[in-house]
Amino acid sequence: MPSIEIERQTSTGDMSIEVSASAGGGNVEEVDEKLYSRQLYVMGHEAQRRMMASHVLLVGLSGLGAEIAKNVSLAGVKSLTLHDPHPATWSDLGGNFYLTAADVRGGVGRAAACRGKLAELNQYVEMRLVEAASELLGSIQGSSCVVVTIPLPEADLIAINDACRAKGACFINTLAHGVFGSVFCDFGPSFTVTDRDGENPATSQVESVLASNPGVVRVLEDQGRHGLDTGDVVRFSRVKGMPELNDTEHVVNVTGPYTFEIGDLSSYTPATQGYIAQVKQPTQLAFRTYQEATAAPGEMMLSDFAKFDRPPLLHLGFRALAAYRLQHGNALPAPGDEAAVAEVLAHAATLDPELVQEGDNAALLRQVARGASACLSPMCATLGGIVGQEVLKACSGKFTPIQGFFYFDAAEALPDGPLPAPEIAPRNSRYDSQIAVFGAPAQEALLNLNYFLVGAGAIGCEMLKNWALMGVGCGAAGKIHITDMDRIEKSNLSRQFLFRNTDINEFKASTGAKAARAMNPDLNIVDYQEKVGGETEGLFGDQFYDTLSGVCTALDNVEARLYMDQRCVFYRLPMLESGTLGTKGNTQVVVPHLTENYGATRDPPEKSIPVCTLKNFPNQIQHTLQWARDYFEGVFKQNADDVNQYLTAPDFGAALAAQQNTKVETARSIRRTLVEDRPTTFEQCVTWARLRFEELFHNQIRQLLHNFPPDQRTSSGALFWSGSKRCPQALDFDVDATCADAAMRNHFDFIVAASNLRADVYGIKGRTDEEFFREYLGAVMVPEFSPVAGVKIAANEAEAKEQEGPGEVEMDVDSEFEAILAELPPPNSLAGFRLEPIEFDKDIDDHMLFVTACSNLRALCYSIPTEDTHRSRAIAGKIIPAIATTTAMVTGLVCLELYKTAGTARKVLTREAYKSAFCNLAIPFMTLSEPTPPAQTTALIKGKKWEWTAWDSLDMNQGDITLKEFMDYFATEYNLEVSMLSQGVSIVYSFFANKAKVAERMGMPMSQIVTSITKKEFPENQLFIIFEMIANDLTTEEEVDIPYIKYRFR
């Protein structure tokens, strides 16, 4: 690329985000919460608005540039300006998913070729084009961030960096050379970070506040540690006994995991209960220029602690490449040009002779030079995710940027030495870059891989794109199978980049497969809309897995991951696993016999909320949201389901009669839903909603306070309403009431949402106009409530469980049940009548309006801070925060491992060569480490030790032999006597079984024995039967611990 003429300028101006966000942004549109839904849980509304007012200039549309452009566009900046007149080459097709062979043959400039397709990603992002290098200086003016992704002369980079400082823009330079990459950030002499880590602010419940100097605050220990550090700022709310603290902020001095000190409180009275919330504070960061950091990089961010000495060496290598380019018209060493490699090494020796001579440093520098011209999709994806997030930091001020240089490599995937020239010679093919790095035989192996990709969401889309560029499954013997039962929703579009607005409601798997095939027409791909699990083993069975090279999971739940892990262990297939949580990402490479499997270690199960807490003693918004969701499920779905069952199931009464503990309550519910409270007009739905408000948020609270008055004490003399038990107060309905925390009209919202959902259940047309509700609600008669004596309310979990049991029978349950059934109209009298059960969907606003209002009203009863609909949606819907940058990074890391599992030329990889990763782009932090080896079990077979792992089994391929032949085989081959043999839950043989039955089975084939026990035939595609065996050594008579038996009967 020609040199860029830019006059050098310097500036010491402040580069705080206020300048960057407002530059040329004008008025910012409202955030499209449907589109950016999952991303907003990562960035937040304020950061998203800043991004939407930001302009980004991207120099270079190689594979790395395309990845960054894609991620930044999906994130939703104001505009993205592209500059790269360089014509597309065959090598570019290995990394740029928007370039085609026609672009290469036509000599089209890379930026011009990509602009149109990039513009399709996000309708809110203006995609601009700068053709001439001389126009770059003008484009920097008004930009929030300038990113250079292609090799430029050092003088040009310095000039651009200086211009960025003068114009108040952040500067990023990033390069990918084969499996080596670099990132440099200069966000100016004073950059404001509004949130360093993006973690939710620490929150705790106050147990007590001492009126002392300094004031001592203790939080409830059963709610966990406060999670604060000295110097943090907290805000108090709803503190009882010391109202002066409420809505004030204080700097804390941490004295323990549950205590901290604040300022002088000696003039106040002691306080009990309340809430604290951390208030994130902005931080100022100072950066060095590219020129300064290149000369003296200082401490650099690590990516792999096993390579702690790698960053200085790679810094030297990239400087040596720059020196080589300076003398060769900005060209990089060509594949196979060992003279050029030697010249790069000579430049390195001139820059730092001591470092070059240490250990194997010279060999690594040669590897840097040999692959310098290669553009590899996995490296572009990895760096594209990292740099994409740095751009968003520059635009939003959220999260901590990389300061100075960061280097990353996957050198362990490379051959140890140079490959023969014929193996790496260019073919004028989209795979030329991979051939240059790994050789033609390795490329052939990739082409003929057969992989099963489970999931076509965010990770699945990125993986398909990478595989299309790499050529996975594109050979005559190769194939990709992809399955996903979900359809495309609008909220998917901000990170699942293969999908467009026109694809909404289409199946993800088929749409993703079509888009990937458009990137590489040679891709052999079969899509399914099936869930993986026991119910689909007829489709994904022995014959299916027998054809696979490996499995890649792109799933969003642990259950499916564990199932696929079991399949991979059984069929001894590599499994490439990854996941994201906002800016956090992890990858795990599972290699048969070398590493532990995914299910070998598991996270502890999620804690459930005690029943009594949900019913009567909530103290967190999570409790009230779960309660609201349960209520939604009961009144809008379960009740309707029960009615429909009554109307349609011939034996419903008999089946319900067998449920002794719940049959009366279910029958009462059916009577209320179908007879007593059945509405025929929308006005009746509104009446029902108003009465439900009174029952839930007034009457039940008054009854609770009747049972447990505010001044009640326990048997030990302590106040009953203390600690985590918050004394409630009944709400009086007020159509104009607004809560301070969430600024929501919860009273009104509850009525509108509840009445419309009720109407939907009964097929009645609803309405939302406020004037109608105001007028009608004023006429609704609400009965006076008086607490009832003798009502039992569980005061703790033990009493709640006791009440869930059968308990004492106060009357004849069977008689009441029969009486209620007799009152119900016969199903045939309501022929054709059905209710419409409503399944809760977090992405449907009407559903969330009800759940949020219902939760907030309960929170107001208990003086719990309320939440808006956006935050409530995340909690109630258990939404996983997601952003395209993290997804791109983890899929790139996974595909680097795919190179290794597919096979590296002239090199046998050990476990140490594989890398699992944990990353957090917010901090930023990355650590790659070798996978854990599988746990071993020792068995003594014929006097010799055998150490086996979860990957091992005793494989039998003797045909479908008889039970006697089976037992003789183990006696002969392993010196083992079978004492018990089982298949699943069925016992095939045991030493204590009926002798006649054993004798009968001895002559039967093993498969016939199993079918005779289970009364089920084997599916046609099943090849194996799994047997578990208990056996003793024939010599020592001791029990031998052995793995399962994998018995092939077909």
# chains A, B, ... in the order shown; residues from 1 in each chain; ligands from 1
>>> select_by_dssp(residues="range 825-1016 of chain A", states="alpha helix (DSSP H)", output="MDAnalysis selection string")
chainID A and resid 845:861 869:876 884:902 963:974 995:1002 1006:1014
>>> write_last_selection(atoms="C-alpha atoms", output="CSV table (one decimal), in the first residue's frame")
chain,number,residue,atom,x,y,z
A,845,ASP,CA,-43.3,-6.7,26.3
A,846,ASP,CA,-46.8,-7.3,27.6
A,847,HIS,CA,-45.6,-10.3,29.6
A,848,MET,CA,-42.7,-8.3,31.0
A,849,LEU,CA,-44.9,-5.4,31.9
A,850,PHE,CA,-47.0,-7.6,34.1
A,851,VAL,CA,-44.1,-9.4,35.7
A,852,THR,CA,-42.2,-6.1,36.3
A,853,ALA,CA,-45.2,-4.3,37.8
A,854,CYS,CA,-46.2,-7.3,39.9
A,855,SER,CA,-42.6,-7.7,41.2
A,856,ASN,CA,-42.2,-4.0,41.9
A,857,LEU,CA,-45.5,-3.8,43.8
A,858,ARG,CA,-44.4,-6.7,46.0
A,859,ALA,CA,-41.0,-5.0,46.4
A,860,LEU,CA,-42.8,-1.8,47.5
A,861,CYS,CA,-44.7,-3.8,50.1
A,869,THR,CA,-38.5,-3.5,32.8
A,870,HIS,CA,-35.1,-3.8,31.2
A,871,ARG,CA,-33.3,-5.0,34.3
A,872,SER,CA,-36.3,-7.1,35.4
A,873,ARG,CA,-36.3,-8.9,32.0
A,874,ALA,CA,-32.7,-9.9,32.6
A,875,ILE,CA,-33.4,-11.3,36.0
A,876,ALA,CA,-36.8,-13.0,35.4
A,884,ALA,CA,-20.4,-9.9,19.1
A,885,THR,CA,-16.9,-9.1,20.1
A,886,THR,CA,-16.6,-11.8,22.7
A,887,THR,CA,-18.2,-14.3,20.4
A,888,ALA,CA,-15.8,-13.6,17.6
A,889,MET,CA,-12.8,-14.0,19.9
A,890,VAL,CA,-13.8,-17.3,21.4
A,891,THR,CA,-14.7,-18.9,18.0
A,892,GLY,CA,-11.3,-17.7,16.7
A,893,LEU,CA,-9.6,-19.4,19.6
A,894,VAL,CA,-11.6,-22.6,19.0
A,895,CYS,CA,-10.6,-22.7,15.4
A,896,LEU,CA,-6.9,-22.3,16.3
A,897,GLU,CA,-7.4,-25.5,18.3
A,898,LEU,CA,-9.1,-27.1,15.3
A,899,TYR,CA,-5.9,-26.6,13.3
A,900,LYS,CA,-4.3,-28.8,16.0
A,901,THR,CA,-6.9,-31.5,16.2
A,902,ALA,CA,-6.9,-31.7,12.4
A,963,LEU,CA,-23.6,-65.1,27.0
A,964,LYS,CA,-21.4,-68.2,27.6
A,965,GLU,CA,-19.1,-67.1,24.8
A,966,PHE,CA,-19.0,-63.6,26.3
A,967,MET,CA,-18.0,-64.9,29.8
A,968,ASP,CA,-15.4,-67.3,28.3
A,969,TYR,CA,-13.9,-64.4,26.4
A,970,PHE,CA,-13.3,-62.4,29.6
A,971,ALA,CA,-11.9,-65.4,31.3
A,972,THR,CA,-9.5,-66.1,28.5
A,973,GLU,CA,-8.5,-62.5,27.5
A,974,TYR,CA,-8.5,-60.8,30.9
A,995,LYS,CA,-30.1,-71.0,37.7
A,996,ALA,CA,-32.7,-72.1,35.2
A,997,LYS,CA,-32.9,-68.6,33.8
A,998,VAL,CA,-29.1,-68.3,33.7
A,999,ALA,CA,-28.9,-71.6,31.9
A,1000,GLU,CA,-31.5,-70.5,29.3
A,1001,ARG,CA,-29.6,-67.2,28.6
A,1002,MET,CA,-26.2,-68.9,28.3
A,1006,MET,CA,-26.3,-60.9,23.9
A,1007,SER,CA,-28.6,-58.6,21.9
A,1008,GLN,CA,-31.5,-61.2,22.1
A,1009,ILE,CA,-31.1,-61.3,25.9
A,1010,VAL,CA,-31.3,-57.5,26.1
A,1011,THR,CA,-34.4,-57.3,23.9
A,1012,SER,CA,-36.1,-60.1,25.8
A,1013,ILE,CA,-35.6,-58.2,29.1
A,1014,THR,CA,-36.4,-54.7,27.9
>>> closest_residue(among="A:Lys792, A:Ala75, A:Ile150, A:Asp732", to="Ser37 in chain A", atoms="only C-alpha atoms")
A:Ala75
>>> select_by_dssp(residues="range 32-219 of chain A", states="strand (DSSP E)", output="PyMOL selection string")
chain A and resi 55-59+79-83+126-129+145-148+170-177+180-186+191-193+203-210+216-219
>>> write_last_selection(atoms="C-alpha atoms", output="PDB file, in the first residue's frame")
ATOM      1  CA  HIS A  55     -17.690   7.861  14.355  1.00  0.00           C
ATOM      2  CA  VAL A  56     -15.029   5.249  13.598  1.00  0.00           C
ATOM      3  CA  LEU A  57     -12.410   5.340  10.840  1.00  0.00           C
ATOM      4  CA  LEU A  58     -11.082   1.942   9.766  1.00  0.00           C
ATOM      5  CA  VAL A  59      -7.945   1.741   7.633  1.00  0.00           C
ATOM      6  CA  SER A  79     -20.854   5.756  11.356  1.00  0.00           C
ATOM      7  CA  LEU A  80     -18.027   3.588  10.096  1.00  0.00           C
ATOM      8  CA  THR A  81     -15.687   5.004   7.472  1.00  0.00           C
ATOM      9  CA  LEU A  82     -13.686   2.480   5.439  1.00  0.00           C
ATOM     10  CA  HIS A  83     -10.393   3.083   3.676  1.00  0.00           C
ATOM     11  CA  GLU A 126     -23.853   4.819   8.243  1.00  0.00           C
ATOM     12  CA  MET A 127     -21.200   3.080   6.113  1.00  0.00           C
ATOM     13  CA  ARG A 128     -18.853   5.557   4.439  1.00  0.00           C
ATOM     14  CA  LEU A 129     -15.948   5.130   2.041  1.00  0.00           C
ATOM     15  CA  CYS A 145     -11.496   6.216  17.067  1.00  0.00           C
ATOM     16  CA  VAL A 146      -9.097   5.449  14.200  1.00  0.00           C
ATOM     17  CA  VAL A 147      -8.084   1.826  13.610  1.00  0.00           C
ATOM     18  CA  VAL A 148      -5.239   0.736  11.312  1.00  0.00           C
ATOM     19  CA  CYS A 170      -8.288   7.329  19.986  1.00  0.00           C
ATOM     20  CA  PHE A 171      -5.728   5.387  17.945  1.00  0.00           C
ATOM     21  CA  ILE A 172      -5.494   1.602  17.513  1.00  0.00           C
ATOM     22  CA  ASN A 173      -3.030  -0.317  15.394  1.00  0.00           C
ATOM     23  CA  THR A 174      -3.409  -4.074  14.958  1.00  0.00           C
ATOM     24  CA  LEU A 175      -1.738  -6.613  12.692  1.00  0.00           C
ATOM     25  CA  ALA A 176      -2.132 -10.334  12.010  1.00  0.00           C
ATOM     26  CA  HIS A 177       0.829 -12.216  10.547  1.00  0.00           C
ATOM     27  CA  PHE A 180       1.016 -14.090  15.333  1.00  0.00           C
ATOM     28  CA  GLY A 181      -0.875 -10.925  16.158  1.00  0.00           C
ATOM     29  CA  SER A 182      -0.372  -7.537  17.758  1.00  0.00           C
ATOM     30  CA  VAL A 183      -2.581  -4.789  19.185  1.00  0.00           C
ATOM     31  CA  PHE A 184      -1.548  -1.259  20.157  1.00  0.00           C
ATOM     32  CA  CYS A 185      -3.796   1.341  21.815  1.00  0.00           C
ATOM     33  CA  ASP A 186      -3.218   5.034  22.457  1.00  0.00           C
ATOM     34  CA  PHE A 191      -8.851   9.178  28.904  1.00  0.00           C
ATOM     35  CA  THR A 192     -11.897   8.819  31.149  1.00  0.00           C
ATOM     36  CA  VAL A 193     -13.090   5.300  31.980  1.00  0.00           C
ATOM     37  CA  THR A 203     -25.018  -4.673  46.720  1.00  0.00           C
ATOM     38  CA  SER A 204     -25.721  -5.856  50.240  1.00  0.00           C
ATOM     39  CA  GLN A 205     -28.379  -5.707  52.903  1.00  0.00           C
ATOM     40  CA  VAL A 206     -27.558  -3.767  56.013  1.00  0.00           C
ATOM     41  CA  GLU A 207     -27.895  -5.591  59.316  1.00  0.00           C
ATOM     42  CA  SER A 208     -26.872  -2.691  61.543  1.00  0.00           C
ATOM     43  CA  VAL A 209     -25.219   0.744  61.549  1.00  0.00           C
ATOM     44  CA  LEU A 210     -23.486   1.907  64.728  1.00  0.00           C
ATOM     45  CA  VAL A 216     -19.563   0.952  61.520  1.00  0.00           C
ATOM     46  CA  VAL A 217     -21.783  -0.833  59.025  1.00  0.00           C
ATOM     47  CA  ARG A 218     -22.436  -4.570  59.205  1.00  0.00           C
ATOM     48  CA  VAL A 219     -24.156  -6.453  56.372  1.00  0.00           C
TER      49      VAL A 219
END
>>> atom_distance(atom1="CA of Ile923 in chain A", atom2="CA of Gly63 in chain A")
25.5 Å
>>> residues_around(residues="Pro610 in chain A", least_positions_apart="3", cutoff="12 Å", atoms="only C-alpha atoms", output="PyMOL selection string")
chain A and resi 607+613-619+623+626-627+794-801
>>> write_last_selection(atoms="C-alpha atoms", output="JSON list (two decimals), in the first residue's frame")
[["chain", "number", "residue", "atom", "x", "y", "z"],
["A", 607, "LYS", "CA", -29.06, -22.12, 44.85],
["A", 613, "THR", "CA", -38.91, -16.51, 51.51],
["A", 614, "LEU", "CA", -40.83, -16.41, 48.23],
["A", 615, "LYS", "CA", -44.24, -16.63, 49.86],
["A", 616, "ASN", "CA", -43.92, -14.31, 52.83],
["A", 617, "PHE", "CA", -40.43, -12.92, 53.49],
["A", 618, "PRO", "CA", -38.75, -11.61, 50.33],
["A", 619, "ASN", "CA", -35.77, -9.29, 50.78],
["A", 623, "HIS", "CA", -37.32, -12.99, 45.18],
["A", 626, "GLN", "CA", -39.51, -15.17, 40.87],
["A", 627, "TRP", "CA", -42.76, -14.79, 42.79],
["A", 794, "ALA", "CA", -45.13, -20.55, 57.70],
["A", 795, "ALA", "CA", -42.56, -18.50, 59.61],
["A", 796, "ASN", "CA", -39.57, -20.49, 58.34],
["A", 797, "GLU", "CA", -38.57, -23.12, 55.80],
["A", 798, "ALA", "CA", -39.27, -26.03, 58.15],
["A", 799, "GLU", "CA", -42.86, -24.89, 58.68],
["A", 800, "ALA", "CA", -43.26, -24.30, 54.93],
["A", 801, "LYS", "CA", -42.21, -27.88, 54.17]]
>>> closest_residue(among="A:Pro865, A:Pro151, A:Gly877, A:Pro1019", to="Tyr275 in chain A", atoms="only C-alpha atoms")
A:Pro865
>>> closest_residue(among="A:Lys915, A:Arg726, A:Arg310, A:Arg692", to="Thr587 in chain A", atoms="only C-alpha atoms")
A:Lys915
>>> closest_residue(among="A:Ile987, A:Cys919, A:Cys395, A:Leu302", to="Met52 in chain A", atoms="only C-alpha atoms")
A:Cys395
>>> atom_distance(atom1="CA of Ala331 in chain A", atom2="CA of Pro422 in chain A")
21.9 Å
>>> decode(residues="range 309-320 of chain A", atoms="all heavy atoms", output="CSV table (one decimal), in the first residue's frame")
chain,number,residue,atom,x,y,z
A,309,ASP,N,7.7,-14.9,28.7
A,309,ASP,CA,8.8,-14.2,28.1
A,309,ASP,C,8.6,-13.9,26.6
A,309,ASP,O,9.4,-13.4,25.9
A,309,ASP,CB,10.2,-14.9,28.3
A,309,ASP,CG,10.1,-16.3,27.7
A,309,ASP,OD1,9.0,-16.8,27.3
A,309,ASP,OD2,11.1,-17.0,27.6
A,310,ARG,N,7.4,-14.2,26.1
A,310,ARG,CA,7.1,-14.1,24.7
A,310,ARG,C,6.9,-12.7,24.2
A,310,ARG,O,7.3,-12.3,23.1
A,310,ARG,CB,5.9,-15.0,24.4
A,310,ARG,CG,5.5,-15.1,22.9
A,310,ARG,CD,6.6,-15.8,22.1
A,310,ARG,NE,6.9,-17.1,22.5
A,310,ARG,CZ,6.3,-18.3,22.2
A,310,ARG,NH1,5.2,-18.2,21.5
A,310,ARG,NH2,6.7,-19.4,22.7
A,311,PRO,N,6.1,-11.8,25.0
A,311,PRO,CA,5.8,-10.5,24.4
A,311,PRO,C,7.0,-9.7,24.0
A,311,PRO,O,7.0,-9.1,22.8
A,311,PRO,CB,5.1,-9.8,25.6
A,311,PRO,CG,4.4,-10.9,26.3
A,311,PRO,CD,5.4,-12.0,26.2
A,312,PRO,N,8.1,-9.6,24.7
A,312,PRO,CA,9.3,-8.8,24.2
A,312,PRO,C,9.8,-9.4,22.9
A,312,PRO,O,10.3,-8.6,22.0
A,312,PRO,CB,10.3,-8.9,25.3
A,312,PRO,CG,9.5,-9.2,26.6
A,312,PRO,CD,8.4,-10.0,26.1
A,313,LEU,N,9.8,-10.7,22.8
A,313,LEU,CA,10.3,-11.3,21.6
A,313,LEU,C,9.4,-11.0,20.4
A,313,LEU,O,10.0,-10.8,19.3
A,313,LEU,CB,10.5,-12.9,21.8
A,313,LEU,CG,11.1,-13.7,20.7
A,313,LEU,CD1,12.5,-13.2,20.4
A,313,LEU,CD2,11.1,-15.2,21.0
A,314,LEU,N,8.1,-11.1,20.6
A,314,LEU,CA,7.2,-10.8,19.5
A,314,LEU,C,7.3,-9.3,19.1
A,314,LEU,O,7.2,-8.9,17.9
A,314,LEU,CB,5.8,-11.2,19.8
A,314,LEU,CG,5.6,-12.7,19.9
A,314,LEU,CD1,4.1,-13.0,20.2
A,314,LEU,CD2,5.9,-13.4,18.6
A,315,HIS,N,7.5,-8.5,20.1
A,315,HIS,CA,7.7,-7.0,19.8
A,315,HIS,C,8.9,-6.8,18.9
A,315,HIS,O,8.8,-6.1,17.9
A,315,HIS,CB,7.8,-6.3,21.1
A,315,HIS,CG,7.9,-4.8,21.0
A,315,HIS,ND1,6.8,-4.0,20.6
A,315,HIS,CD2,8.9,-3.9,21.1
A,315,HIS,CE1,7.2,-2.8,20.5
A,315,HIS,NE2,8.4,-2.7,20.8
A,316,LEU,N,9.9,-7.6,19.2
A,316,LEU,CA,11.1,-7.5,18.4
A,316,LEU,C,10.9,-8.0,17.0
A,316,LEU,O,11.3,-7.4,16.0
A,316,LEU,CB,12.3,-8.3,19.1
A,316,LEU,CG,13.6,-8.4,18.3
A,316,LEU,CD1,14.2,-7.0,18.0
A,316,LEU,CD2,14.6,-9.3,19.0
A,317,GLY,N,10.1,-9.1,16.9
A,317,GLY,CA,9.8,-9.7,15.6
A,317,GLY,C,9.0,-8.8,14.7
A,317,GLY,O,9.3,-8.7,13.5
A,318,PHE,N,8.0,-8.1,15.3
A,318,PHE,CA,7.2,-7.2,14.5
A,318,PHE,C,8.0,-6.0,14.1
A,318,PHE,O,7.8,-5.4,13.0
A,318,PHE,CB,5.9,-6.9,15.3
A,318,PHE,CG,4.8,-7.9,15.2
A,318,PHE,CD1,5.0,-9.2,15.6
A,318,PHE,CD2,3.6,-7.5,14.6
A,318,PHE,CE1,4.0,-10.1,15.5
A,318,PHE,CE2,2.6,-8.4,14.4
A,318,PHE,CZ,2.8,-9.7,14.9
A,319,ARG,N,8.9,-5.5,15.0
A,319,ARG,CA,9.8,-4.4,14.6
A,319,ARG,C,10.7,-4.8,13.5
A,319,ARG,O,11.0,-4.0,12.5
A,319,ARG,CB,10.6,-4.0,15.8
A,319,ARG,CG,9.8,-3.2,16.9
A,319,ARG,CD,10.7,-2.7,18.0
A,319,ARG,NE,11.6,-1.6,17.4
A,319,ARG,CZ,12.7,-1.2,18.1
A,319,ARG,NH1,13.0,-1.7,19.3
A,319,ARG,NH2,13.4,-0.2,17.6
A,320,ALA,N,11.2,-6.1,13.5
A,320,ALA,CA,12.1,-6.6,12.4
A,320,ALA,C,11.3,-6.7,11.1
A,320,ALA,O,11.8,-6.3,10.0
A,320,ALA,CB,12.6,-7.9,12.8
